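Visitor: Handing over my_file-v5.txt, compact mmCIF, C-alpha atoms.
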# COMPACT_ATOMS: atom_id res chain seq x y z
CA MET D 109 33.98 18.56 -3.69
CA THR D 110 30.98 17.96 -1.37
CA SER D 111 28.68 19.81 -3.77
CA THR D 112 30.03 17.78 -6.68
CA ILE D 113 29.28 14.52 -4.88
CA LEU D 114 25.82 15.81 -3.95
CA PHE D 115 25.02 16.76 -7.55
CA LEU D 116 26.33 13.47 -8.91
CA THR D 117 24.21 11.62 -6.33
CA VAL D 118 21.06 13.57 -7.28
CA GLY D 119 21.60 12.95 -11.01
CA SER D 120 22.32 9.24 -10.51
CA CYS D 121 19.39 8.88 -8.09
CA LEU D 122 16.99 10.30 -10.64
CA LEU D 123 18.22 7.88 -13.33
CA VAL D 124 17.94 4.89 -10.98
CA VAL D 125 14.45 5.91 -9.79
CA LEU D 126 13.30 6.31 -13.39
CA PHE D 127 14.70 2.89 -14.25
CA LEU D 128 12.82 1.34 -11.32
CA PHE D 129 9.69 3.28 -12.25
CA LEU D 130 9.91 1.94 -15.80
CA HIS D 131 10.05 -1.65 -14.56
CA ALA D 132 7.62 -1.33 -11.67
CA SER D 133 4.24 -2.94 -11.99
CA SER D 134 1.30 -1.56 -10.07
CA PRO D 135 0.43 -3.99 -7.25
CA SER D 136 -3.14 -5.16 -7.35
CA SER D 137 -5.21 -4.26 -4.34
CA LYS D 138 -6.68 -7.03 -2.19
CA ILE D 139 -9.34 -4.64 -0.93
CA ASN D 140 -11.66 -3.53 -3.69
CA GLY D 141 -14.43 -1.94 -1.74
CA ARG D 142 -15.56 -0.48 1.50
CA SER D 143 -17.17 -3.67 2.78
CA GLN D 144 -13.94 -5.61 2.27
CA ALA D 145 -12.00 -2.95 4.15
CA GLN D 146 -14.48 -3.17 7.01
CA GLU D 147 -14.10 -6.94 7.02
CA VAL D 148 -10.31 -6.77 7.20
CA LEU D 149 -10.52 -4.15 9.93
CA ASN D 150 -12.94 -6.26 11.96
CA THR D 151 -10.71 -9.33 11.70
CA LEU D 152 -7.68 -7.30 12.72
CA GLN D 153 -9.36 -5.68 15.69
CA ALA D 154 -11.45 -8.59 16.91
CA GLU D 155 -9.23 -11.58 16.19
CA LEU D 156 -5.62 -10.51 15.97
CA LEU D 157 -5.17 -7.54 18.25
CA PRO D 158 -7.19 -8.06 21.44
CA ASN D 159 -4.97 -7.58 24.50
CA TRP D 160 -5.80 -10.96 25.99
CA PHE D 161 -4.78 -12.69 22.77
CA VAL D 162 -1.42 -10.97 22.50
CA ASP D 163 -0.80 -11.48 26.23
CA ARG D 164 -1.51 -15.18 25.93
CA LEU D 165 0.51 -15.69 22.77
CA PHE D 166 3.63 -14.15 24.29
CA SER D 167 3.06 -15.13 27.94
CA LYS D 168 5.58 -17.02 30.01
CA GLU D 169 2.91 -18.87 32.02
CA ASP D 170 2.23 -21.38 29.26
CA ARG D 171 5.93 -22.03 28.84
CA GLU D 172 6.34 -22.51 32.60
CA PHE D 173 3.51 -25.00 32.49
CA ALA D 174 5.13 -26.87 29.62
CA SER D 175 8.47 -26.93 31.39
CA SER D 176 6.84 -28.37 34.50
CA GLN D 177 5.68 -31.42 32.53
CA GLU D 178 7.78 -34.53 32.85
CA ALA D 179 7.19 -35.87 29.36
CA PRO D 180 10.44 -35.69 27.37
CA GLY D 181 10.63 -33.16 24.55
CA ILE D 182 7.43 -31.38 25.54
CA LEU D 183 9.20 -28.07 26.13
CA GLN D 184 10.95 -28.17 22.75
CA LEU D 185 7.68 -29.04 21.07
CA PHE D 186 5.96 -26.16 22.89
CA ASP D 187 8.70 -23.70 21.90
CA SER D 188 8.59 -24.77 18.28
CA GLU D 189 4.79 -24.62 18.05
CA ARG D 190 4.49 -21.32 19.90
CA LYS D 191 7.18 -19.81 17.71
CA SER D 192 5.37 -20.76 14.52
CA VAL D 193 2.05 -19.46 15.91
CA ALA D 194 3.69 -16.17 16.92
CA LEU D 195 5.29 -15.79 13.48
CA SER D 196 2.00 -16.60 11.79
CA TRP D 197 0.23 -13.99 13.95
CA LEU D 198 2.87 -11.43 13.07
CA ARG D 199 2.64 -12.23 9.35
CA GLN D 200 -1.15 -11.95 9.33
CA THR D 201 -1.17 -8.76 11.36
CA ARG D 202 1.38 -7.18 9.05
CA ASP D 203 -0.53 -8.33 5.98
CA TYR D 204 -3.86 -6.96 7.25
CA VAL D 205 -2.33 -3.63 8.23
CA ALA D 206 -0.69 -3.44 4.79
CA GLN D 207 -4.06 -4.05 3.14
CA LEU D 208 -5.66 -1.33 5.23
CA MET D 209 -2.85 1.06 4.47
CA ASP D 210 -3.25 0.30 0.77
CA PHE D 211 -6.96 1.04 1.12
CA HIS D 212 -6.18 4.27 2.94
CA VAL D 213 -3.74 5.37 0.23
CA ARG D 214 -6.22 4.62 -2.57
CA LEU D 215 -8.91 6.47 -0.69
CA SER D 216 -6.84 9.47 0.32
CA ARG D 217 -5.53 10.15 -3.20
CA GLN D 218 -9.09 11.10 -4.14
CA ARG D 219 -9.78 13.31 -1.16
CA PRO D 220 -9.54 17.05 -1.66
CA ASP D 221 -9.46 17.57 2.13
CA LEU D 222 -6.28 15.48 2.57
CA SER D 223 -3.84 16.88 5.12
CA PRO D 224 -0.26 16.42 3.87
CA ALA D 225 1.19 16.63 7.40
CA THR D 226 -1.12 13.88 8.67
CA GLU D 227 -0.34 11.70 5.66
CA VAL D 228 3.41 12.09 6.17
CA LYS D 229 3.03 11.23 9.85
CA LEU D 230 0.91 8.20 9.04
CA THR D 231 3.35 6.97 6.40
CA PHE D 232 6.20 7.39 8.86
CA GLU D 233 4.28 5.36 11.47
CA TYR D 234 3.55 2.68 8.90
CA VAL D 235 7.20 2.42 7.88
CA GLN D 236 8.12 2.21 11.59
CA PHE D 237 5.56 -0.56 12.03
CA GLN D 238 6.93 -2.52 9.07
CA LEU D 239 10.48 -2.23 10.36
CA LEU D 240 9.37 -3.23 13.86
CA CYS D 241 7.66 -6.32 12.41
CA LYS D 242 10.86 -7.36 10.67
CA VAL D 243 12.86 -6.88 13.87
CA LEU D 244 10.23 -8.72 15.89
CA ALA D 245 10.20 -11.65 13.45
CA ALA D 246 13.98 -11.95 13.76
CA MET D 247 13.75 -11.73 17.55
CA ILE D 248 11.02 -14.40 17.72
CA ARG D 249 13.18 -16.73 15.65
CA MET D 250 16.26 -16.12 17.77
CA LEU D 251 14.86 -15.70 21.29
CA GLY D 252 11.40 -17.23 21.14
CA PRO D 253 8.07 -15.46 21.75
CA VAL D 254 8.24 -15.29 25.55
CA ARG D 255 11.29 -13.08 25.70
CA VAL D 256 9.98 -10.53 23.18
CA ARG D 257 6.63 -9.82 24.79
CA ALA D 258 7.28 -6.09 25.29
CA VAL D 259 8.25 -5.61 21.63
CA ALA D 260 5.23 -7.64 20.50
CA GLU D 261 2.93 -5.48 22.62
CA HIS D 262 4.45 -2.37 21.10
CA ALA D 263 3.88 -3.77 17.58
CA ALA D 264 0.29 -4.64 18.52
CA ASP D 265 -0.23 -1.08 19.84
CA MET D 266 1.06 0.35 16.58
CA ALA D 267 -1.16 -1.98 14.55
CA THR D 268 -4.13 -0.96 16.73
CA HIS D 269 -3.39 2.69 16.08
CA LEU D 270 -3.10 2.14 12.32
CA GLY D 271 -6.37 0.20 12.46
CA GLU D 272 -8.02 3.13 14.22
CA VAL D 273 -6.86 5.44 11.46
CA SER D 274 -8.51 3.16 8.90
CA GLU D 275 -11.64 3.09 11.05
CA LYS D 276 -11.75 6.88 10.98
CA ALA D 277 -11.19 6.88 7.22
CA LEU D 278 -14.11 4.50 6.80
CA ALA D 279 -16.28 6.59 9.10
CA SER D 280 -15.35 9.75 7.21
CA LEU D 281 -16.93 8.28 4.10
CA ASP D 282 -20.25 8.70 5.86
CA GLU D 283 -19.41 12.24 6.94
CA VAL D 284 -19.19 13.26 3.30
CA VAL D 285 -23.00 13.44 3.39
CA PRO D 286 -23.65 15.89 6.21
CA VAL D 287 -27.07 17.15 5.19
CA LYS D 288 -30.28 15.41 6.09
CA VAL D 289 -33.21 16.56 4.04
CA ALA D 290 -36.82 15.69 4.60
CA PRO D 291 -38.29 14.00 1.55
CA ASN D 292 -40.43 16.27 -0.60
CA MET G 207 30.83 15.83 -38.53
CA LEU G 208 29.30 13.68 -35.80
CA THR G 209 28.07 16.72 -33.88
CA GLN G 210 26.49 18.02 -37.09
CA ALA G 211 24.72 14.71 -37.61
CA ILE G 212 23.44 14.69 -34.02
CA TRP G 213 22.31 18.29 -34.36
CA TRP G 214 20.30 17.64 -37.54
CA THR G 215 18.86 14.47 -36.04
CA THR G 216 17.56 16.30 -32.96
CA ASN G 217 15.96 18.99 -35.13
CA LEU G 218 14.36 16.39 -37.33
CA LEU G 219 12.99 14.41 -34.38
CA GLU G 220 11.62 17.55 -32.73
CA ALA G 221 9.92 18.57 -35.96
CA ILE G 222 8.46 15.08 -36.34
CA LEU G 223 7.12 15.15 -32.77
CA LEU G 224 5.55 18.58 -33.22
CA GLY G 225 4.13 17.70 -36.63
CA ARG G 226 2.67 14.43 -35.40
CA ALA G 227 1.02 16.06 -32.37
CA ALA G 228 -0.38 18.88 -34.51
CA TRP G 229 -1.66 16.45 -37.15
CA ARG G 230 -3.34 14.15 -34.60
CA LYS G 231 -4.61 17.22 -32.70
CA PHE G 232 -3.24 16.32 -29.27
CA ILE G 233 -0.82 19.22 -29.23
CA LYS G 234 -3.40 21.13 -27.16
CA VAL G 235 -3.59 18.36 -24.59
CA TYR G 236 0.02 18.92 -23.55
CA PRO G 237 0.47 22.63 -24.39
CA LEU G 238 3.44 23.34 -22.11
CA PHE G 239 5.37 20.30 -23.25
CA TYR G 240 4.93 21.11 -26.94
CA THR G 241 5.70 24.80 -26.30
CA TYR G 242 8.95 23.66 -24.75
CA LEU G 243 9.69 21.42 -27.71
CA ALA G 244 8.86 24.17 -30.22
CA TYR G 245 11.07 26.58 -28.33
CA VAL G 246 13.99 24.13 -28.31
CA LEU G 247 13.62 23.62 -32.07
CA LEU G 248 13.52 27.35 -32.81
CA GLU G 249 16.36 27.97 -30.39
CA SER G 250 18.46 25.38 -32.14
CA LEU G 251 17.87 26.91 -35.57
CA ALA G 252 18.54 30.39 -34.23
CA ARG G 253 21.78 29.16 -32.69
CA PHE G 254 22.80 27.73 -36.03
CA TYR G 255 22.18 31.09 -37.68
CA VAL G 256 24.21 32.93 -35.06
CA TYR G 257 26.98 30.31 -35.19
CA VAL G 258 27.32 30.72 -38.96
CA TRP G 259 26.67 34.44 -39.40
CA GLN G 260 27.58 36.01 -36.05
CA PRO G 261 30.23 33.71 -34.49
CA PRO G 262 31.48 36.21 -31.88
CA LEU G 263 27.99 36.39 -30.37
CA TYR G 264 27.51 32.66 -30.22
CA THR G 265 28.61 31.94 -26.62
CA ASN G 266 26.43 34.64 -25.09
CA PHE G 267 23.55 33.73 -27.35
CA TYR G 268 23.90 30.06 -26.43
CA TRP G 269 23.77 30.58 -22.67
CA GLY G 270 21.07 33.26 -22.92
CA THR G 271 18.72 30.99 -24.85
CA GLN G 272 19.68 28.04 -22.68
CA GLY G 273 18.44 29.99 -19.63
CA VAL G 274 14.99 30.33 -21.19
CA SER G 275 14.90 26.62 -22.02
CA VAL G 276 15.82 25.78 -18.42
CA LEU G 277 12.93 27.92 -17.17
CA LEU G 278 10.58 26.30 -19.70
CA GLY G 279 11.73 22.99 -18.25
CA PHE G 280 9.90 23.91 -15.05
CA ALA G 281 6.76 24.26 -17.14
CA VAL G 282 7.28 20.70 -18.43
CA VAL G 283 7.61 19.41 -14.85
CA TRP G 284 4.44 21.32 -13.95
CA GLU G 285 2.60 19.78 -16.90
CA ILE G 286 3.67 16.27 -15.88
CA PHE G 287 2.54 16.95 -12.30
CA ARG G 288 -0.77 18.50 -13.38
CA LYS G 289 -1.68 15.84 -15.92
CA ALA G 290 -0.66 12.89 -13.76
CA LEU G 291 -2.69 14.00 -10.76
CA ALA G 292 -5.55 15.94 -12.31
CA ARG G 293 -8.09 13.35 -11.23
CA TYR G 294 -6.56 12.74 -7.81
CA PRO G 295 -7.10 15.84 -5.67
CA GLY G 296 -5.62 14.23 -2.54
CA ALA G 297 -2.41 13.17 -4.24
CA PHE G 298 -2.33 16.57 -6.00
CA ARG G 299 -2.33 18.32 -2.62
CA MET G 300 0.44 16.03 -1.42
CA VAL G 301 2.70 16.75 -4.42
CA ARG G 302 1.97 20.47 -4.18
CA ALA G 303 3.02 20.41 -0.53
CA SER G 304 6.19 18.49 -1.50
CA PHE G 305 6.95 21.13 -4.13
CA VAL G 306 6.64 23.87 -1.51
CA VAL G 307 8.94 21.96 0.85
CA ILE G 308 11.53 21.41 -1.92
CA VAL G 309 11.48 25.07 -2.95
CA VAL G 310 11.79 26.22 0.68
CA VAL G 311 14.64 23.78 1.41
CA VAL G 312 16.52 24.69 -1.77
CA THR G 313 16.07 28.42 -1.15
CA ALA G 314 17.25 27.96 2.45
CA LYS G 315 20.28 26.03 1.19
CA ILE G 316 21.12 28.76 -1.32
CA LEU G 317 20.76 31.49 1.31
CA ALA G 318 22.81 29.53 3.82
CA ASN G 319 25.61 29.04 1.30
CA VAL G 320 25.53 32.68 0.22
CA LEU G 321 25.70 33.82 3.85
CA ALA G 322 28.54 31.36 4.46
CA GLY G 323 30.45 32.89 1.58
CA GLU G 324 30.09 29.94 -0.81
CA SER G 325 28.95 30.44 -4.34
CA TRP G 326 26.41 27.63 -4.67
CA SER G 327 23.65 29.81 -6.01
CA LEU G 328 25.61 32.71 -7.40
CA ALA G 329 27.42 30.28 -9.58
CA ALA G 330 30.80 31.08 -11.01
CA THR G 331 29.61 30.12 -14.48
CA ILE G 332 26.27 29.99 -16.25
CA ALA G 333 26.75 26.25 -16.63
CA GLU G 334 26.78 25.95 -12.85
CA GLU G 335 23.61 28.02 -12.65
CA GLU G 336 21.97 25.72 -15.16
CA ARG G 337 23.12 22.72 -13.14
CA ASP G 338 21.58 24.19 -9.98
CA PHE G 339 18.23 24.72 -11.71
CA ARG G 340 18.38 21.22 -13.17
CA VAL G 341 19.00 19.85 -9.68
CA VAL G 342 15.82 21.56 -8.45
CA GLN G 343 13.94 20.03 -11.39
CA ALA G 344 15.45 16.66 -10.51
CA PHE G 345 14.11 16.95 -6.95
CA LEU G 346 10.67 17.97 -8.25
CA LEU G 347 10.60 15.01 -10.65
CA LEU G 348 11.72 12.67 -7.88
CA ALA G 349 8.81 13.93 -5.77
CA VAL G 350 6.33 13.39 -8.62
CA VAL G 351 7.62 9.91 -9.48
CA GLY G 352 7.74 8.93 -5.80
CA LEU G 353 4.20 10.07 -5.07
CA VAL G 354 2.75 8.66 -8.30
CA SER G 355 4.21 5.30 -7.23
CA PHE G 356 3.12 5.69 -3.62
CA TYR G 357 -0.47 6.53 -4.53
CA ARG G 358 -0.54 3.73 -7.16
CA ILE G 359 -1.62 6.21 -9.81
CA GLN G 360 -1.86 4.70 -13.24
CA ILE G 361 -0.56 6.97 -15.94
CA GLY G 362 -0.89 6.66 -19.68
CA ARG G 363 1.81 5.96 -22.22
CA ASN G 364 2.16 9.64 -23.21
CA LEU G 365 2.76 10.91 -19.72
CA ARG G 366 4.98 7.98 -18.79
CA GLY G 367 7.12 8.77 -21.82
CA MET G 368 7.22 12.45 -20.93
CA MET G 369 8.34 11.62 -17.39
CA LEU G 370 10.95 9.09 -18.45
CA GLY G 371 12.30 11.21 -21.29
CA TYR G 372 12.47 14.46 -19.41
CA GLY G 373 13.73 12.72 -16.26
CA PHE G 374 16.51 11.05 -18.25
CA PHE G 375 17.38 14.38 -19.81
CA ILE G 376 17.53 16.08 -16.40
CA GLY G 377 19.54 13.24 -14.82
CA THR G 378 22.14 13.20 -17.60
CA SER G 379 22.23 17.01 -17.69
CA VAL G 380 23.00 17.18 -13.97
CA LEU G 381 25.78 14.60 -14.37
CA ASN G 382 27.23 16.26 -17.47
CA LEU G 383 27.06 19.77 -16.00
CA THR G 384 28.64 18.59 -12.76
CA PHE G 385 31.51 16.90 -14.60
CA ARG G 386 31.94 19.98 -16.77
CA SER G 387 32.00 22.23 -13.74
CA TYR G 388 34.48 19.95 -11.96
CA PHE G 389 36.87 19.22 -14.82
CA GLY G 390 36.48 22.59 -16.56
CA ASP G 391 37.33 22.97 -20.23
CA GLY G 392 38.98 19.54 -20.24
CA PHE G 393 35.51 18.03 -20.28
CA GLN G 394 34.37 20.16 -23.23
CA ILE G 395 35.40 17.50 -25.78
CA TRP G 396 33.11 14.97 -24.07
CA TRP G 397 30.42 17.52 -23.33
CA GLN G 398 29.82 18.31 -27.00
CA TYR G 399 29.02 14.65 -27.70
CA LEU G 400 27.47 13.37 -24.47
CA GLN G 401 24.82 16.02 -23.94
CA PRO G 402 23.41 16.00 -27.50
CA ALA G 403 23.61 12.19 -27.67
CA ALA G 404 21.59 11.93 -24.46
CA TYR G 405 19.07 14.35 -25.92
CA VAL G 406 18.72 12.21 -29.08
CA LEU G 407 17.86 9.27 -26.83
CA VAL G 408 15.28 11.41 -25.05
CA LEU G 409 13.70 12.41 -28.34
CA LEU G 410 13.57 8.77 -29.44
CA VAL G 411 11.76 7.89 -26.21
CA TRP G 412 9.29 10.69 -26.87
CA CYS G 413 8.82 9.62 -30.49
CA VAL G 414 7.90 6.11 -29.37
CA THR G 415 5.69 7.07 -26.43
CA LEU G 416 4.03 10.15 -27.90
CA TRP G 417 3.35 8.69 -31.34
CA PRO G 418 -0.22 7.66 -30.63
CA TYR G 419 -2.37 9.68 -28.26
CA GLN G 420 -2.89 7.61 -25.13
CA PRO G 421 -4.20 9.60 -22.18
CA ASN G 422 -4.18 8.43 -18.59
CA PRO G 423 -6.57 5.62 -17.75
CA GLU G 424 -9.72 6.61 -15.92
CA PRO G 425 -9.19 6.43 -12.17
CA GLY G 426 -11.08 3.86 -10.21
CA ALA G 427 -11.67 1.47 -13.07
CA GLU G 428 -9.71 -1.12 -11.12
CA SER G 429 -11.26 -0.34 -7.79
CA ARG G 430 -14.61 0.38 -6.26
CA ILE G 431 -13.13 2.56 -3.51
CA GLU G 432 -13.10 5.68 -5.64
CA GLN G 433 -16.52 4.82 -6.98
CA ASP G 434 -17.81 4.57 -3.39
CA TYR G 435 -16.34 7.94 -2.64
CA GLN G 436 -17.54 9.49 -5.89
CA ALA G 437 -21.02 8.11 -5.28
CA LEU G 438 -21.07 9.80 -1.89
CA VAL G 439 -19.87 13.06 -3.37
CA ASN G 440 -22.57 12.88 -6.04
CA ALA G 441 -25.18 12.07 -3.40
CA THR G 442 -24.06 15.09 -1.38
CA ARG G 443 -24.28 17.35 -4.42
CA HIS G 444 -27.74 15.97 -5.20
CA ARG G 445 -28.92 16.59 -1.65
CA PHE G 446 -27.49 20.08 -1.63
CA ARG G 447 -29.48 20.80 -4.80
CA GLN G 448 -32.57 19.43 -3.07
CA VAL G 449 -31.92 21.66 -0.06
CA ARG G 450 -31.49 24.71 -2.29
CA ALA G 451 -34.70 23.92 -4.12
CA HIS G 452 -36.52 23.31 -0.84
CA VAL G 453 -35.25 26.56 0.70
CA GLY G 454 -36.10 28.42 -2.49
CA ARG G 455 -39.66 27.12 -2.44
CA THR G 456 -40.01 27.94 1.26
CA VAL G 457 -38.77 31.51 0.75
CA ARG G 458 -41.05 32.05 -2.24
CA SER G 459 -44.09 30.76 -0.35
Here is the file; what I need is its structure written in the form of structure tokens.
Guide:
Amino acid sequence: MTSTILFLTVGSCLLVVLFLFLHASSPSSKINGRSQAQEVLNTLQAELLPNWFVDRLFSKEDREFASSQEAPGILQLFDSERKSVALSWLRQTRDYVAQLMDFHVRLSRQRPDLSPATEVKLTFEYVQFQLLCKVLAAMIRMLGPVRVRAVAEHAADMATHLGEVSEKALASLDEVVPVKVAPN
Amino acid sequence: MLTQAIWWTTNLLEAILLGRAAWRKFIKVYPLFYTYLAYVLLESLARFYVYVWQPPLYTNFYWGTQGVSVLLGFAVVWEIFRKALARYPGAFRMVRASFVVIVVVVTAKILANVLAGESWSLAATIAEEERDFRVVQAFLLLAVVGLVSFYRIQIGRNLRGMMLGYGFFIGTSVLNLTFRSYFGDGFQIWWQYLQPAAYVLVLLVWCVTLWPYQPNPEPGAESRIEQDYQALVNATRHRFRQVRAHVGRTVRS
């Protein structure tokens, strides 16, 4: 009976996947060249992922300062604004990492020296990152940015790592030309 | 009467597909696929001969020839894989590695079941053996479709049709063979209509998608990434040639 269910699942899966494949449209890439990839990477590393920035965005000090103010409604206003900034940061970070991953995929499909094990590991990390971003977004909405600092730092670490992988991929484009020859 | 009509329709469609490909000279572009199709057509006619003139031999002849067609099915999967990824060496390596993993996992599963005393691989009937092989092909096709989507590889109308048609055939075969194995002879009445009807649909898909020759689009037309990489590869090759020439001149002098 177990085998029967397994076989029926495999057959049905194949039909469903083919149906989805038939209706899938190829997403257009936002990065169409090396310079654009470098630009996205620079923005990610320099503007979105520095430690001080993430620390500040999710820090409790600012909230404590806001709560110490006597003006009515200031804390609610702070919470609301900080929440939208944190969500915007998360959205942008996720979007930039997705663009870099797309670049990586388009690049790696052409590379004869691709390591399947590394690619599987990277894809797994990317899926983990995407899931973490979804969880983090839900947590920010429910608990606010201050209480999810540790998770945000973990997401930032993962994004940093994925950015480093793209950096290496970009650098490896230069390594394709290993020979320096004196002009004749 | 209906089975006869379906049978003649499949033969006619196969002949049309083969004739069209031969006439437009793209039969050589997909040699394994058209070999498979030619085999299925000949097999069908041979079965008809045996059915009419040697009825006692029919069952054995049917399953014997079916075994060859199942094995040729692997060649079709290979052709899809090879043609889809010919210009993408990285993705090609990835699919090849997936194939190895699938074969190892399936073999391990078969061995484990044999050692445990189950008859998953040493199937009780030839139909079950065919189902097992079709399941392996289903996994291989899933790997190809998954990785073609993952690597955003654009494939042409011909190959898309081949994938969809053969995938549909494999999917319905696995379902039909599983039901047949589970319900036994009680399913035979449905089997004789469902399987050929599904195959007619497959042939119609192939007739539509393989009518004109439309190869895969050139890679990188939509992106400069590959062009960057290709430019670097070409530059490397050029410099290597320069080095060889330089070394050659140095040695000669």
Visitor: Hey, could you make a per-residue contact list for stretch 373-434 of chain G against stretch 339-351 of chain G with 9 Å as the cut-off, showing the nearest pair of atoms and its distance in Å to one decimal, counting all atoms listed in the file, sorted by chain and number, as a tab-separated table?
Guide:
residue	atom	partner	partner_atom	distance
G:Gly373	CA	G:Leu347	CA	6.8
G:Ile376	CA	G:Arg340	CA	6.1
G:Gly377	CA	G:Ala344	CA	6.9
G:Ser379	CA	G:Arg340	CA	7.3
G:Val380	CA	G:Arg340	CA	6.2
Visitor: One decimal, in Å: what's the spacing between atom CA of D:Leu230 and atom CA of D:Leu270?
Guide: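 If I compute the distance from atom CA of D:Leu230 to atom CA of D:Leu270, I get 8.0 Å.
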Visitor: How close does chain D get to chain G? List, as a tab-separated table, each residue of chain D within 7 Å, its nearest atom pair and the distance in Å to one decimal, counting all atoms listed in the file.
Guide:
residue	atom	partner	partner_atom	distance
D:Thr112	CA	G:Thr384	CA	6.3
D:Phe115	CA	G:Thr384	CA	6.6
D:Leu116	CA	G:Leu381	CA	5.6
D:Gly119	CA	G:Gly377	CA	4.3
D:Ser120	CA	G:Gly377	CA	6.5
D:Leu122	CA	G:Gly377	CA	5.7
D:Leu123	CA	G:Gly377	CA	5.7
D:Leu126	CA	G:Leu370	CA	6.2
D:Ser134	CA	G:Arg358	CA	6.3
D:Asn140	CA	G:Ser429	CA	5.2
D:Gly141	CA	G:Ile431	CA	5.0
D:Arg142	CA	G:Ile431	CA	6.3
D:Val213	CA	G:Tyr357	CA	5.9
D:Arg214	CA	G:Tyr357	CA	6.4
D:Leu215	CA	G:Ile431	CA	6.4
D:Ser216	CA	G:Gly296	CA	5.7
D:Arg217	CA	G:Gly296	CA	4.1
D:Gln218	CA	G:Tyr294	CA	4.7
D:Arg219	CA	G:Gly296	CA	4.5
D:Pro220	CA	G:Pro295	CA	4.8
D:Asp221	CA	G:Gly296	CA	6.9
D:Leu222	CA	G:Gly296	CA	5.3
D:Pro224	CA	G:Met300	CA	5.4
D:Leu281	CA	G:Tyr435	CA	6.8
D:Val284	CA	G:Leu438	CA	6.5
D:Val285	CA	G:Thr442	CA	5.2
D:Val289	CA	G:Val449	CA	6.7
Visitor: Separation of atom CA of G:Leu238 and atom CA of G:Glu285, in Å?
Guide: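 Atom-to-atom, atom CA of G:Leu238 to atom CA of G:Glu285, that is 6.4 Å.
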Visitor: List the spatial neighbours of D:Thr151 as number ranges by chain - criterion: any atom at most 12 Å away, all atoms listed in the file, same-chain residues fewer than 3 positions off excluded.
Guide: D: 144-148, 154-158, 200-201, 203-205, 208, 268, 271
Visitor: Provide the atom CA of G:Val276 to atom CA of G:Glu336 distance in Å, to one decimal place.
Guide: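 Distance between the two atoms: 7.0 Å.
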Visitor: Need to verify the contact set: G:Gly273, 9 Å, all atoms listed in the file, exclusion of same-chain residues closer than 3 positions in sequence. Can you return it as a VMD selection string?
Guide: chain G and resid 268 to 270 276 to 278 332 335 to 336
Visitor: Quick one: residues within 9 Å of G:Trp417, all atoms listed in the file, excluding same-chain residues fewer than 4 positions away - as a short mmCIF file (atom, residue, chain, number, x, y, z; two decimals) with C-alpha atoms, in the frame of the given file?
Guide:
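Dumped to result-v9.cif:
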data_model
loop_
_atom_site.label_atom_id
_atom_site.label_comp_id
_atom_site.auth_asym_id
_atom_site.auth_seq_id
_atom_site.Cartn_x
_atom_site.Cartn_y
_atom_site.Cartn_z
CA LEU G 223 7.12 15.15 -32.77
CA ARG G 226 2.67 14.43 -35.40
CA ALA G 227 1.02 16.06 -32.37
CA ASN G 364 2.16 9.64 -23.21
CA TRP G 412 9.29 10.69 -26.87
CA CYS G 413 8.82 9.62 -30.49
#
Visitor: Taking (7.9, 1.9, 15.8) in the file's coordinates as the center, which residues reach within 10 Å of it, counting only C-alpha atoms, put as a compact mmCIF listing (two decimals) with C-alpha atoms, keeping the file's coordinate frame?
Guide:
# COMPACT_ATOMS: atom_id res chain seq x y z
CA PHE D 232 6.20 7.39 8.86
CA GLU D 233 4.28 5.36 11.47
CA TYR D 234 3.55 2.68 8.90
CA VAL D 235 7.20 2.42 7.88
CA GLN D 236 8.12 2.21 11.59
CA PHE D 237 5.56 -0.56 12.03
CA GLN D 238 6.93 -2.52 9.07
CA LEU D 239 10.48 -2.23 10.36
CA LEU D 240 9.37 -3.23 13.86
CA CYS D 241 7.66 -6.32 12.41
CA VAL D 259 8.25 -5.61 21.63
CA HIS D 262 4.45 -2.37 21.10
CA ALA D 263 3.88 -3.77 17.58
CA ASP D 265 -0.23 -1.08 19.84
CA MET D 266 1.06 0.35 16.58
CA ALA D 267 -1.16 -1.98 14.55
Visitor: With distances taken over only C-alpha atoms, which of D:Arg164, D:Phe211, D:Lys276, D:Ala245 is nearest to D:Ile139?
Guide: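 Among D:Arg164, D:Phe211, D:Lys276, D:Ala245, it is D:Phe211 that comes nearest to D:Ile139.
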Visitor: Tell me which protein, DNA and RNA residues are within 8 Å of stretch 241-248 of chain G, counting only C-alpha atoms, leaving out same-chain ones fewer than 4 positions away, and put them as a PyMOL selection string.
Guide: chain G and resi 217+220-221+224+237+252+275+278-279+281-282
Visitor: Which protein, DNA or RNA residues have an atom at most 10 Å from (1.9, -12.5, 27.6), counting all atoms listed in the file? List them as number ranges by chain.
Guide: D: 159-170, 253-258, 260-261
Visitor: Specify the axis-aligned box that encloses all atoms of stretch 229-246 of chain G listed in the file after padding of 8 Å on each side, stating its centre and edge lengths in Å to one decimal as lines of an AutoDock Vina configuration file.
Guide:
center_x = 4.7
center_y = 20.4
center_z = -29.6
size_x = 34.6
size_y = 28.4
size_z = 31.0
Visitor: Between D:Leu152, D:Val125, D:Glu227, D:Leu251, which has the minimum distance to D:Arg202 (counting only C-alpha atoms)?
Guide: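 Under the stated criterion, the closest residue is D:Leu152.
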